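What follows is the content of run-v4.cif (mmCIF, C-alpha atoms and all ligand atoms).
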```cif
data_my_file
#
loop_
_atom_site.label_atom_id
_atom_site.label_comp_id
_atom_site.auth_asym_id
_atom_site.auth_seq_id
_atom_site.Cartn_x
_atom_site.Cartn_y
_atom_site.Cartn_z
CA MET A 1 145.27 52.82 129.55
CA GLN A 2 146.61 56.31 129.88
CA LEU A 3 145.90 57.79 133.30
CA SER A 4 143.32 60.55 133.45
CA THR A 5 144.17 63.70 135.32
CA CYS A 6 141.05 63.55 137.48
CA GLY A 7 142.09 60.38 139.22
CA PHE A 8 139.01 58.34 138.29
CA ASN A 9 140.82 56.39 135.57
CA GLY A 10 137.70 54.57 134.55
CA ILE A 11 137.26 53.11 138.05
CA GLN A 12 133.84 54.45 138.82
CA PRO A 13 131.17 53.68 141.40
CA PHE A 14 129.25 51.60 138.84
CA GLN A 15 127.14 48.65 139.86
CA SER A 16 126.63 47.41 136.33
CA ASN A 17 128.76 47.08 133.24
CA ALA A 18 125.83 47.18 130.88
CA LEU A 19 127.04 50.38 129.29
CA ASN A 20 129.83 48.94 127.23
CA SER A 21 127.56 48.99 124.21
CA ILE A 22 126.96 52.74 124.49
CA ASN A 23 129.35 55.21 122.92
CA PRO A 24 132.90 53.94 123.25
CA ALA A 25 134.30 55.16 126.56
CA PRO A 26 137.23 57.52 126.06
CA ASP A 27 140.50 56.93 127.86
CA THR A 28 139.69 59.80 130.12
CA CYS A 29 136.72 61.42 131.79
CA LYS A 30 134.90 64.60 130.86
CA LEU A 31 136.46 66.57 133.70
CA CYS A 32 139.94 66.27 132.24
CA LEU A 33 139.23 66.12 128.51
CA PRO A 34 140.99 66.32 126.18
CA THR A 35 144.07 64.46 127.32
CA THR A 36 144.54 61.75 124.71
CA SER A 37 144.89 61.95 120.99
CA ASN A 38 142.76 58.85 120.44
CA SER A 39 139.86 60.04 122.61
CA THR A 40 136.42 59.82 120.95
CA TYR A 41 135.71 63.47 121.72
CA PRO A 42 133.36 64.91 120.62
CA PRO A 43 131.56 61.64 121.21
CA SER A 44 129.88 59.42 118.70
CA LYS A 45 126.08 59.56 118.99
CA MET A 46 125.58 56.06 117.63
CA GLY A 47 124.50 54.43 120.89
CA PRO A 48 121.17 54.62 122.67
CA LYS A 49 120.12 57.89 124.28
CA THR A 50 121.09 58.26 127.91
CA VAL A 51 119.23 59.57 130.94
CA LEU A 52 120.32 60.16 134.52
CA ILE A 53 117.64 60.27 137.22
CA THR A 54 118.14 61.32 140.85
CA GLY A 55 116.32 59.69 143.77
CA CYS A 56 115.44 56.28 142.31
CA SER A 57 114.67 54.42 145.55
CA SER A 58 112.06 51.72 145.09
CA GLY A 59 108.44 52.87 145.29
CA GLY A 60 109.14 56.47 144.29
CA ILE A 61 108.75 58.58 141.15
CA GLY A 62 112.44 58.26 140.19
CA HIS A 63 112.19 54.47 140.27
CA GLY A 64 109.08 54.54 138.08
CA LEU A 65 110.74 56.91 135.61
CA ALA A 66 113.83 54.68 135.45
CA LEU A 67 111.70 51.67 134.51
CA GLU A 68 109.77 53.63 131.91
CA PHE A 69 112.82 55.23 130.24
CA ALA A 70 114.49 51.80 130.18
CA ALA A 71 111.39 50.29 128.57
CA HIS A 72 111.77 52.88 125.80
CA GLY A 73 115.31 51.64 125.12
CA LEU A 74 117.31 54.46 126.69
CA HIS A 75 120.32 53.68 128.81
CA VAL A 76 119.38 54.78 132.33
CA PHE A 77 121.75 55.92 135.05
CA ALA A 78 119.55 55.33 138.07
CA THR A 79 120.95 57.08 141.13
CA ALA A 80 120.19 57.14 144.85
CA ARG A 81 121.99 57.84 148.09
CA THR A 82 121.68 54.20 149.02
CA VAL A 83 122.17 51.90 146.05
CA SER A 84 120.52 48.95 147.82
CA LYS A 85 117.23 50.89 147.83
CA MET A 86 117.03 50.45 144.05
CA ALA A 87 118.65 47.01 143.86
CA ASP A 88 115.82 45.55 141.75
CA LEU A 89 116.77 47.88 138.89
CA GLU A 90 120.14 46.19 138.55
CA LEU A 91 118.42 43.23 136.90
CA ILE A 92 117.55 45.39 133.90
CA PRO A 93 120.42 45.32 131.37
CA ASN A 94 120.09 48.93 130.20
CA ILE A 95 120.10 50.38 133.71
CA THR A 96 123.32 51.32 135.51
CA LEU A 97 123.15 52.04 139.23
CA LEU A 98 125.16 54.90 140.67
CA SER A 99 125.42 56.17 144.22
CA LEU A 100 124.63 59.90 144.34
CA ASP A 101 123.76 62.40 147.05
CA VAL A 102 122.60 65.64 145.41
CA THR A 103 123.68 67.68 148.43
CA GLU A 104 127.34 66.61 148.16
CA ALA A 105 129.51 68.38 145.57
CA SER A 106 132.02 65.51 145.54
CA SER A 107 129.24 62.98 144.94
CA ILE A 108 127.94 65.01 141.99
CA ALA A 109 131.46 65.38 140.56
CA ALA A 110 132.00 61.62 140.80
CA ALA A 111 128.70 60.97 139.01
CA VAL A 112 129.60 63.43 136.24
CA SER A 113 132.93 61.67 135.75
CA ALA A 114 131.34 58.24 135.80
CA VAL A 115 128.71 59.13 133.21
CA ALA A 116 131.14 61.03 130.99
CA ALA A 117 133.59 58.15 131.02
CA LYS A 118 130.90 55.77 129.85
CA THR A 119 129.14 57.97 127.29
CA GLY A 120 132.06 59.85 125.82
CA GLY A 121 131.09 63.09 127.51
CA THR A 122 127.39 63.45 126.80
CA LEU A 123 124.06 63.04 128.55
CA ASP A 124 120.76 63.32 126.67
CA TYR A 125 118.37 63.71 129.62
CA LEU A 126 118.88 64.77 133.24
CA VAL A 127 115.89 64.22 135.55
CA ASN A 128 116.11 66.19 138.80
CA ASN A 129 113.69 64.19 140.92
CA SER A 130 115.20 63.87 144.42
CA GLY A 131 113.10 65.45 147.10
CA SER A 132 112.02 65.34 150.70
CA ASN A 133 109.02 66.61 152.63
CA TYR A 134 108.69 68.58 155.87
CA ALA A 135 105.35 69.72 157.31
CA MET A 136 105.21 72.18 160.20
CA PRO A 137 103.55 75.55 160.92
CA LEU A 138 105.89 78.28 159.74
CA LEU A 139 106.15 79.76 163.24
CA ASP A 140 107.43 76.39 164.50
CA VAL A 141 109.68 75.37 161.63
CA ASP A 142 113.17 74.22 162.67
CA LEU A 143 115.24 76.34 160.31
CA SER A 144 118.11 73.86 160.14
CA LYS A 145 115.69 71.14 159.00
CA ALA A 146 114.07 73.50 156.51
CA ARG A 147 117.48 74.43 155.09
CA ALA A 148 118.40 70.75 154.80
CA MET A 149 115.19 70.17 152.85
CA PHE A 150 115.98 73.09 150.53
CA ASP A 151 119.44 71.60 150.02
CA VAL A 152 117.84 68.48 148.54
CA ASN A 153 114.78 69.89 146.79
CA PHE A 154 116.20 73.10 145.39
CA TRP A 155 119.97 73.56 145.70
CA GLY A 156 120.56 69.92 144.82
CA MET A 157 118.62 70.37 141.60
CA LEU A 158 120.65 73.45 140.68
CA ALA A 159 123.97 71.82 141.60
CA MET A 160 123.13 68.77 139.48
CA THR A 161 122.18 71.01 136.57
CA GLN A 162 125.46 72.93 136.80
CA GLY A 163 127.49 69.74 137.13
CA PHE A 164 125.92 67.98 134.14
CA ALA A 165 125.54 71.08 131.94
CA PRO A 166 128.64 70.38 129.80
CA LEU A 167 127.37 66.88 128.99
CA LEU A 168 123.86 68.12 128.25
CA ILE A 169 125.12 70.94 126.04
CA LEU A 170 127.25 68.52 124.01
CA ALA A 171 124.23 66.26 123.56
CA LYS A 172 121.80 69.16 122.96
CA GLY A 173 119.90 67.41 125.70
CA THR A 174 116.94 68.03 127.98
CA ILE A 175 116.68 68.81 131.70
CA VAL A 176 113.53 67.55 133.40
CA ASN A 177 112.70 69.07 136.79
CA ILE A 178 110.08 67.48 139.02
CA ALA A 179 108.06 70.39 140.41
CA SER A 180 104.79 70.18 142.32
CA VAL A 181 101.18 71.21 142.30
CA THR A 182 101.83 72.55 145.82
CA SER A 183 103.33 75.65 144.17
CA MET A 184 99.87 76.62 143.01
CA MET A 185 98.30 76.72 146.46
CA HIS A 186 99.21 78.13 149.85
CA THR A 187 98.61 75.08 151.99
CA PRO A 188 98.88 75.62 155.75
CA TRP A 189 101.62 73.49 157.43
CA ALA A 190 103.29 72.83 154.05
CA GLY A 191 104.85 76.29 153.69
CA VAL A 192 108.54 75.39 153.51
CA TYR A 193 108.05 72.33 151.29
CA SER A 194 105.82 74.33 148.94
CA ALA A 195 108.36 77.16 148.92
CA SER A 196 111.12 74.76 147.89
CA LYS A 197 109.02 73.34 145.06
CA THR A 198 107.99 76.86 143.97
CA ALA A 199 111.69 77.70 143.79
CA VAL A 200 112.21 74.61 141.63
CA ASP A 201 109.40 75.70 139.33
CA PHE A 202 110.65 79.27 139.06
CA VAL A 203 114.26 78.36 138.40
CA SER A 204 113.29 75.60 136.00
CA GLU A 205 111.27 77.97 133.85
CA THR A 206 114.00 80.63 134.01
CA LEU A 207 116.65 78.05 133.17
CA ARG A 208 114.59 77.05 130.14
CA ARG A 209 115.14 80.50 128.69
CA GLU A 210 118.81 80.66 129.69
CA VAL A 211 119.87 77.32 128.19
CA GLU A 212 117.78 77.52 125.03
CA PRO A 213 120.58 79.39 123.18
CA LEU A 214 122.93 76.57 124.20
CA GLY A 215 120.68 74.02 122.51
CA VAL A 216 119.34 72.52 125.74
CA SER A 217 115.62 72.09 126.51
CA VAL A 218 113.89 72.16 129.89
CA VAL A 219 110.70 70.46 131.03
CA THR A 220 109.04 71.43 134.31
CA VAL A 221 106.76 68.65 135.48
CA VAL A 222 104.05 70.16 137.67
CA THR A 223 103.31 66.98 139.55
CA GLY A 224 99.97 66.21 141.16
CA ILE A 225 99.36 63.68 143.90
CA ILE A 226 101.27 60.44 143.37
CA LYS A 227 101.32 57.34 145.56
CA THR A 228 104.96 57.08 146.69
CA ASN A 229 107.04 56.82 149.88
CA ILE A 230 107.37 60.57 150.26
CA PHE A 231 105.47 60.67 153.55
CA ALA A 232 107.06 57.51 154.92
CA ASN A 233 110.45 59.07 154.19
CA ALA A 234 109.53 62.49 155.61
CA GLN A 235 110.84 64.06 158.78
CA VAL A 236 107.82 63.91 161.08
CA GLU A 237 108.46 66.11 164.07
CA PRO A 238 106.04 66.63 166.98
CA LEU A 239 104.78 70.16 167.44
CA PRO A 240 106.81 72.08 170.01
CA GLY A 241 105.03 72.03 173.39
CA ASN A 242 104.52 75.80 173.29
CA SER A 243 103.16 75.91 169.74
CA TYR A 244 100.37 78.37 168.96
CA TYR A 245 98.90 75.57 166.85
CA SER A 246 98.43 72.79 169.43
CA ALA A 247 94.68 72.75 168.73
CA ALA A 248 95.45 71.63 165.17
CA ALA A 249 98.06 69.03 166.16
CA LYS A 250 96.01 66.19 164.66
CA GLU A 251 95.64 67.92 161.29
CA ILE A 252 99.31 68.92 161.25
CA HIS A 253 100.34 65.34 161.97
CA ALA A 254 98.01 64.14 159.18
CA MET A 255 99.69 66.58 156.79
CA ALA A 256 103.15 65.37 157.79
CA THR A 257 102.28 61.70 157.41
CA GLY A 258 100.10 61.93 154.31
CA ASP A 259 97.08 60.66 156.21
CA HIS A 260 94.39 61.84 153.77
CA ASP A 261 91.62 60.46 151.62
CA ILE A 262 92.71 62.18 148.44
CA LYS A 263 93.00 60.05 145.32
CA GLU A 264 96.59 59.33 144.23
CA THR A 265 97.95 58.53 140.78
CA LEU A 266 100.00 55.34 140.58
CA VAL A 267 103.71 55.87 139.92
CA GLY A 268 103.63 53.66 136.79
CA ASP A 269 100.80 55.68 135.20
CA TYR A 270 102.50 58.97 136.02
CA ALA A 271 105.86 57.75 134.69
CA LYS A 272 104.31 56.58 131.40
CA ALA A 273 102.73 59.98 130.85
CA VAL A 274 105.85 61.97 131.77
CA VAL A 275 108.26 59.85 129.72
CA GLY A 276 105.85 60.03 126.77
CA ASP A 277 105.85 63.82 127.04
CA VAL A 278 109.63 64.11 127.42
CA LEU A 279 110.53 61.73 124.60
CA GLY A 280 107.82 63.33 122.49
CA GLY A 281 109.75 66.60 122.72
CA LYS A 282 107.48 68.64 125.00
CA THR A 283 109.17 71.56 126.74
CA GLY A 284 108.08 74.03 129.40
CA ARG A 285 105.50 73.20 132.04
CA ILE A 286 103.61 69.95 131.75
CA TYR A 287 100.91 68.88 134.20
CA ARG A 288 100.85 65.23 135.27
CA GLY A 289 99.32 63.37 138.21
CA TYR A 290 96.03 63.74 140.08
CA LEU A 291 94.80 67.35 140.44
CA SER A 292 97.64 68.99 138.51
CA THR A 293 95.71 70.04 135.39
CA PHE A 294 92.60 70.83 137.42
CA MET A 295 94.56 73.07 139.82
CA SER A 296 96.14 74.92 136.94
CA ILE A 297 92.76 76.11 135.65
CA MET A 298 91.20 76.85 139.05
CA PRO A 299 91.05 80.49 140.27
CA GLU A 300 93.53 81.21 143.06
CA TRP A 301 90.85 81.98 145.66
CA LEU A 302 89.32 78.53 145.14
CA ARG A 303 92.70 76.78 145.28
CA ASP A 304 93.51 78.54 148.56
CA HIS A 305 90.07 77.76 149.96
CA LEU A 306 90.56 74.06 149.21
CA ALA A 307 94.12 74.13 150.55
CA SER A 308 92.97 75.60 153.87
CA SER A 309 89.95 73.42 154.50
CA GLY A 310 90.37 70.57 156.97
CA LYS A 311 93.64 71.93 158.31
CA GLY A 312 92.31 72.75 161.80
CA LEU A 313 92.59 76.52 161.36
CA ASP A 314 89.07 76.95 162.78
CA LYS A 315 90.15 75.09 165.95
CA VAL A 316 93.16 77.35 166.36
CA LYS A 317 90.94 80.40 165.98
CA SER A 318 88.17 79.25 168.32
CA GLY A 319 90.68 78.09 170.94
CA GLY A 320 91.98 81.63 171.27
CA VAL A 321 95.64 82.59 171.21
CA PRO A 322 97.56 80.89 174.03
CA MET A 323 98.58 83.24 176.85
CA LYS A 324 102.28 83.77 176.38
CA ARG A 325 104.79 81.85 174.35
CA ILE A 326 107.76 83.57 175.92
CA SER A 327 108.10 85.76 178.95
CA VAL A 328 108.63 89.42 178.12
CA GLY A 329 109.35 91.86 180.92
CA ASP A 330 108.17 89.49 183.63
CA ASP A 331 108.70 91.42 186.88
CA SER A 332 107.42 88.79 189.26
N1 LIG B 401 104.50 62.02 145.73
C1 LIG B 401 103.86 63.14 145.39
O1 LIG B 401 102.63 63.24 145.53
C2 LIG B 401 104.64 64.28 144.78
C3 LIG B 401 103.91 65.38 144.32
C4 LIG B 401 104.59 66.45 143.74
C5 LIG B 401 105.97 66.40 143.61
N2 LIG B 401 106.65 65.34 144.10
C6 LIG B 401 108.10 65.35 143.95
O2 LIG B 401 108.53 64.15 143.35
C7 LIG B 401 109.88 63.91 143.71
C8 LIG B 401 110.03 62.45 144.12
O3 LIG B 401 109.30 62.24 145.30
P1 LIG B 401 108.55 60.88 145.62
O4 LIG B 401 107.14 61.22 145.86
O5 LIG B 401 108.90 59.83 144.67
O6 LIG B 401 109.16 60.57 147.08
P2 LIG B 401 110.13 59.41 147.59
O7 LIG B 401 109.55 58.09 147.30
O8 LIG B 401 110.41 59.75 149.03
O9 LIG B 401 111.43 59.61 146.71
C9 LIG B 401 112.32 60.68 146.96
C10 LIG B 401 113.69 60.27 146.49
O10 LIG B 401 114.60 61.35 146.74
C11 LIG B 401 115.75 60.79 147.35
N3 LIG B 401 116.57 61.71 148.13
C12 LIG B 401 116.32 62.30 149.32
N4 LIG B 401 117.38 63.01 149.71
C13 LIG B 401 118.32 62.86 148.74
C14 LIG B 401 119.64 63.35 148.58
N5 LIG B 401 120.24 64.13 149.49
N6 LIG B 401 120.33 62.98 147.46
C15 LIG B 401 119.77 62.19 146.53
N7 LIG B 401 118.53 61.70 146.65
C16 LIG B 401 117.82 62.03 147.75
C17 LIG B 401 115.20 59.69 148.24
O11 LIG B 401 116.24 58.83 148.65
P3 LIG B 401 116.15 58.02 150.03
O12 LIG B 401 115.26 56.83 149.72
O13 LIG B 401 117.57 57.66 150.28
O14 LIG B 401 115.58 58.95 151.05
C18 LIG B 401 114.22 59.06 147.26
O15 LIG B 401 114.91 58.22 146.38
C19 LIG B 401 110.23 64.90 144.81
O16 LIG B 401 110.97 65.97 144.26
C20 LIG B 401 108.87 65.41 145.26
O17 LIG B 401 108.95 66.72 145.78
C21 LIG B 401 106.02 64.27 144.68
#
```
Serialized structure, structure tokens:
Amino acid sequence: MQLSTCGFNGIQPFQSNALNSINPAPDTCKLCLPTTSNSTYPPSKMGPKTVLITGCSSGGIGHGLALEFAAHGLHVFATARTVSKMADLELIPNITLLSLDVTEASSIAAAVSAVAAKTGGTLDYLVNNSGSNYAMPLLDVDLSKARAMFDVNFWGMLAMTQGFAPLLILAKGTIVNIASVTSMMHTPWAGVYSASKTAVDFVSETLRREVEPLGVSVVTVVTGIIKTNIFANAQVEPLPGNSYYSAAAKEIHAMATGDHDIKETLVGDYAKAVVGDVLGGKTGRIYRGYLSTFMSIMPEWLRDHLASSGKGLDKVKSGGVPMKRISVGDDS
């Protein structure tokens, strides 16, 4: 085999070899094409359609989507930071496991090379699903933790989109971004998470217009409440001792841990609906999961009223504002 200039040389972080039946792999990867005269570039589109999904750890939305796309006969590149967290997927012949951290440029580049080498330089669907949660009053938010969350939820989605764009453009493919119903309401204690998902929604819908001339479609999945590990995986921080919001500590903790009585859609049901929409050719915003459609037709004042109720704001108000959070001009 002729050596590729990128250094991957077909040795990729694959956990499965089930892709050999897809488009014949070229002698080189997408990042250094074209380097060989016998490369299959542009690629043959004879094989099954391909989809790459971020954040496929067991129990989450990505995992459910991987199973559902695979059931529809696509070849799935299921990715996660820790491959062992999606080990069960390896048993499915048309799923290939890849290690991928969406906050690491080198990890994204390696995934692009790995996919391109196996598909001949194309990808039909990219699902930007990875995400993390962080609940805290805005006045108490640890900015480094909030930035780290934005790195996963928002910048990671954009970096993945940029990295895989050449493959998606060749395939005239589709980008699917997992947004959230939280963008439609201003929920106390969820400000930074909701902001990150609102950024996802905004960029996704803007991207849809920008990539349309390139032949690429975009779907923004406004996701309702789904039973996953998102709260178990979340950073749950205690309120700072001098927080103005100590009176609502119980409600803030409940928000951070997902301790609520709200109905949740099962991952499998959500995944069936989303994959049906995506493979059916829907583009733009789609609403899936408990409360998503309902929220979209509710007036904003009602959404905000519902979002604020039960959050302990009344306790904060009736407790009065604590004396002094910091000392200013203390002459004593
Ligand atoms: N559950 C809901 O009610 C709901 C509602 C609206 C929107 N969403 C969105 O749905 C998406 C999936 O969330 P989920 O509910 O399925 O939660 P989840 O079970 O916690 O899954 C999140 C996935 O993202 C991965 N991830 C975290 N940081 C990553 C990184 N740096 N690089 C790559 N992957 C990373 C996690 O991997 P690890 O296992 O390694 O942490 C996990 O696989 C998120 O974007 C979330 O905002 C969820």
Exercise: region 247-249 of chain A partners within 10 Å, all atoms listed in the file, chain neighbours under 2 positions left out, as an NGL selection string: :A and (136-137 or 238-239 or 243-245 or 251-255 or 310-320)
A:Phe154, A:Phe69, A:Phe202, A:Trp189 ranked by distance to ligand LIG 401 (chain B), top pick (using only C-alpha atoms and all ligand atoms): A:Phe154
Around all listed atoms of ligand LIG 401 (chain B), padded 4 Å per side, what centre and edge lengths does the axis-aligned box have in Å to one decimal, as lines of an AutoDock Vina configuration file?
```
center_x = 111.5
center_y = 61.8
center_z = 147.2
size_x = 25.7
size_y = 17.9
size_z = 15.7
```
Residue neighbourhood region 79-94 of chain A, 6 Å, all atoms listed in the file, exclusion window fewer than 2 positions, as a ChimeraX atom specification: /A:18,54-58,75,97-101
Exercise: residues within 7 Å of coordinate (122.6, 65.2, 138.7), counting all atoms listed in the file, as a PyMOL selection string: chain A and resi 52+54+102+108+126+128+160-161+163-164
Requested write-out: C-alpha atoms of the selected residues, as an mmCIF file, in the coordinates of the input:
```cif
data_model
loop_
_atom_site.group_PDB
_atom_site.id
_atom_site.type_symbol
_atom_site.label_atom_id
_atom_site.label_comp_id
_atom_site.auth_asym_id
_atom_site.auth_seq_id
_atom_site.Cartn_x
_atom_site.Cartn_y
_atom_site.Cartn_z
ATOM 1 C CA LEU A 52 120.320 60.160 134.520
ATOM 2 C CA THR A 54 118.140 61.320 140.850
ATOM 3 C CA VAL A 102 122.600 65.640 145.410
ATOM 4 C CA ILE A 108 127.940 65.010 141.990
ATOM 5 C CA LEU A 126 118.880 64.770 133.240
ATOM 6 C CA ASN A 128 116.110 66.190 138.800
ATOM 7 C CA MET A 160 123.130 68.770 139.480
ATOM 8 C CA THR A 161 122.180 71.010 136.570
ATOM 9 C CA GLY A 163 127.490 69.740 137.130
ATOM 10 C CA PHE A 164 125.920 67.980 134.140
#
```
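Across A:Leu158, A:Ala234, A:Leu138, A:Val216, the tightest approach to Gly191 (chain A) is made by A:Leu138 when counting only C-alpha atoms.
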Quick one: contact table of chain A to ligand LIG 401 (chain B), 8 Å max, nearest atom pair and distance in Å to one decimal per residue, counting all atoms listed in the file, chain and number order, as JSON lines?
```
{"residue": "A:Thr54", "atom": "CA", "partner": "B:LIG401", "partner_atom": "N7", "distance": 5.8}
{"residue": "A:Gly55", "atom": "CA", "partner": "B:LIG401", "partner_atom": "O15", "distance": 3.3}
{"residue": "A:Cys56", "atom": "CA", "partner": "B:LIG401", "partner_atom": "O15", "distance": 4.5}
{"residue": "A:Ser57", "atom": "CA", "partner": "B:LIG401", "partner_atom": "O15", "distance": 3.9}
{"residue": "A:Ser58", "atom": "CA", "partner": "B:LIG401", "partner_atom": "O7", "distance": 7.2}
{"residue": "A:Gly59", "atom": "CA", "partner": "B:LIG401", "partner_atom": "O7", "distance": 5.7}
{"residue": "A:Gly60", "atom": "CA", "partner": "B:LIG401", "partner_atom": "O5", "distance": 3.4}
{"residue": "A:Ile61", "atom": "CA", "partner": "B:LIG401", "partner_atom": "O5", "distance": 3.7}
{"residue": "A:Gly62", "atom": "CA", "partner": "B:LIG401", "partner_atom": "O5", "distance": 5.9}
{"residue": "A:His63", "atom": "CA", "partner": "B:LIG401", "partner_atom": "O15", "distance": 7.7}
{"residue": "A:Thr79", "atom": "CA", "partner": "B:LIG401", "partner_atom": "C15", "distance": 7.5}
{"residue": "A:Ala80", "atom": "CA", "partner": "B:LIG401", "partner_atom": "N7", "distance": 5.2}
{"residue": "A:Arg81", "atom": "CA", "partner": "B:LIG401", "partner_atom": "O13", "distance": 4.9}
{"residue": "A:Thr82", "atom": "CA", "partner": "B:LIG401", "partner_atom": "O13", "distance": 5.5}
{"residue": "A:Lys85", "atom": "CA", "partner": "B:LIG401", "partner_atom": "O12", "distance": 6.5}
{"residue": "A:Leu100", "atom": "CA", "partner": "B:LIG401", "partner_atom": "C15", "distance": 5.8}
{"residue": "A:Asp101", "atom": "CA", "partner": "B:LIG401", "partner_atom": "N6", "distance": 3.5}
{"residue": "A:Val102", "atom": "CA", "partner": "B:LIG401", "partner_atom": "N6", "distance": 4.1}
{"residue": "A:Thr103", "atom": "CA", "partner": "B:LIG401", "partner_atom": "N5", "distance": 5.1}
{"residue": "A:Glu104", "atom": "CA", "partner": "B:LIG401", "partner_atom": "N5", "distance": 7.6}
{"residue": "A:Asn128", "atom": "CA", "partner": "B:LIG401", "partner_atom": "O16", "distance": 7.5}
{"residue": "A:Asn129", "atom": "CA", "partner": "B:LIG401", "partner_atom": "O16", "distance": 4.7}
{"residue": "A:Ser130", "atom": "CA", "partner": "B:LIG401", "partner_atom": "O10", "distance": 3.5}
{"residue": "A:Gly131", "atom": "CA", "partner": "B:LIG401", "partner_atom": "O16", "distance": 3.6}
{"residue": "A:Ser132", "atom": "CA", "partner": "B:LIG401", "partner_atom": "C12", "distance": 5.4}
{"residue": "A:Asn133", "atom": "CA", "partner": "B:LIG401", "partner_atom": "O17", "distance": 6.9}
{"residue": "A:Asp151", "atom": "CA", "partner": "B:LIG401", "partner_atom": "N5", "distance": 7.5}
{"residue": "A:Val152", "atom": "CA", "partner": "B:LIG401", "partner_atom": "N5", "distance": 5.1}
{"residue": "A:Asn153", "atom": "CA", "partner": "B:LIG401", "partner_atom": "O16", "distance": 6.0}
{"residue": "A:Gly156", "atom": "CA", "partner": "B:LIG401", "partner_atom": "N6", "distance": 7.4}
{"residue": "A:Ile178", "atom": "CA", "partner": "B:LIG401", "partner_atom": "O16", "distance": 5.5}
{"residue": "A:Ala179", "atom": "CA", "partner": "B:LIG401", "partner_atom": "C5", "distance": 5.5}
{"residue": "A:Ser180", "atom": "CA", "partner": "B:LIG401", "partner_atom": "C4", "distance": 4.0}
{"residue": "A:Val181", "atom": "CA", "partner": "B:LIG401", "partner_atom": "C4", "distance": 6.0}
{"residue": "A:Thr182", "atom": "CA", "partner": "B:LIG401", "partner_atom": "C4", "distance": 7.0}
{"residue": "A:Tyr193", "atom": "CA", "partner": "B:LIG401", "partner_atom": "O17", "distance": 7.9}
{"residue": "A:Lys197", "atom": "CA", "partner": "B:LIG401", "partner_atom": "O17", "distance": 6.7}
{"residue": "A:Val222", "atom": "CA", "partner": "B:LIG401", "partner_atom": "C4", "distance": 7.1}
{"residue": "A:Thr223", "atom": "CA", "partner": "B:LIG401", "partner_atom": "C4", "distance": 4.4}
{"residue": "A:Gly224", "atom": "CA", "partner": "B:LIG401", "partner_atom": "C3", "distance": 5.1}
{"residue": "A:Ile225", "atom": "CA", "partner": "B:LIG401", "partner_atom": "O1", "distance": 3.7}
{"residue": "A:Ile226", "atom": "CA", "partner": "B:LIG401", "partner_atom": "O1", "distance": 3.8}
{"residue": "A:Lys227", "atom": "CA", "partner": "B:LIG401", "partner_atom": "N1", "distance": 5.7}
{"residue": "A:Thr228", "atom": "CA", "partner": "B:LIG401", "partner_atom": "O7", "distance": 4.7}
{"residue": "A:Asn229", "atom": "CA", "partner": "B:LIG401", "partner_atom": "O7", "distance": 3.8}
{"residue": "A:Ile230", "atom": "CA", "partner": "B:LIG401", "partner_atom": "O8", "distance": 3.4}
{"residue": "A:Phe231", "atom": "CA", "partner": "B:LIG401", "partner_atom": "O8", "distance": 6.8}
{"residue": "A:Ala232", "atom": "CA", "partner": "B:LIG401", "partner_atom": "O8", "distance": 7.1}
{"residue": "A:Asn233", "atom": "CA", "partner": "B:LIG401", "partner_atom": "O8", "distance": 5.2}
{"residue": "A:Ala234", "atom": "CA", "partner": "B:LIG401", "partner_atom": "O8", "distance": 7.2}
{"residue": "A:Glu264", "atom": "CA", "partner": "B:LIG401", "partner_atom": "O1", "distance": 7.3}
{"residue": "A:Gly289", "atom": "CA", "partner": "B:LIG401", "partner_atom": "C3", "distance": 7.9}
```
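CA of Gly280 (chain A) to CA of Ala159 (chain A) spans 26.4 Å [interatomic distance, one decimal].
When CA of Leu123 (chain A) is paired with CA of Thr50 (chain A), their separation reads 5.7 Å.
With all atoms listed in the file as the atoms that count, the residue of A:Val221, A:Val115, A:Ala135, A:Val51 with the shortest distance to Glu237 (chain A) is A:Ala135.
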Contact residues around Met184 (chain A) with all atoms listed in the file at 12 Å, ignoring same-chain residues under 3 positions, as an NGL selection string: :A and (179-181 or 187 or 191 or 194-195 or 197-199 or 201-202 or 222-224 or 287 or 291-304 or 306-307)
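For the pair CA of Ala256 (chain A) and CA of Val200 (chain A), the separation is 20.7 Å.
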Counting only C-alpha atoms, the option among A:Ala109, A:Gly268, A:Arg209, A:Ile53 closest to Thr96 (chain A): A:Ile53
For Val203 (chain A), the nearest of the candidates A:Ser113, A:Asn177, A:Ser217, A:Gln235, counting only C-alpha atoms: A:Asn177
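When all atoms listed in the file are used to compute distances to Ile169 (chain A), the closest of the residues A:Glu68, A:Asp277, A:Asp140, A:Glu212 turns out to be A:Glu212.
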Test item: which residues lie within 7 Å of (107.6, 52.2, 135.6) counting only C-alpha atoms, as a PyMOL selection string: chain A and resi 63-68+267-268+271-272
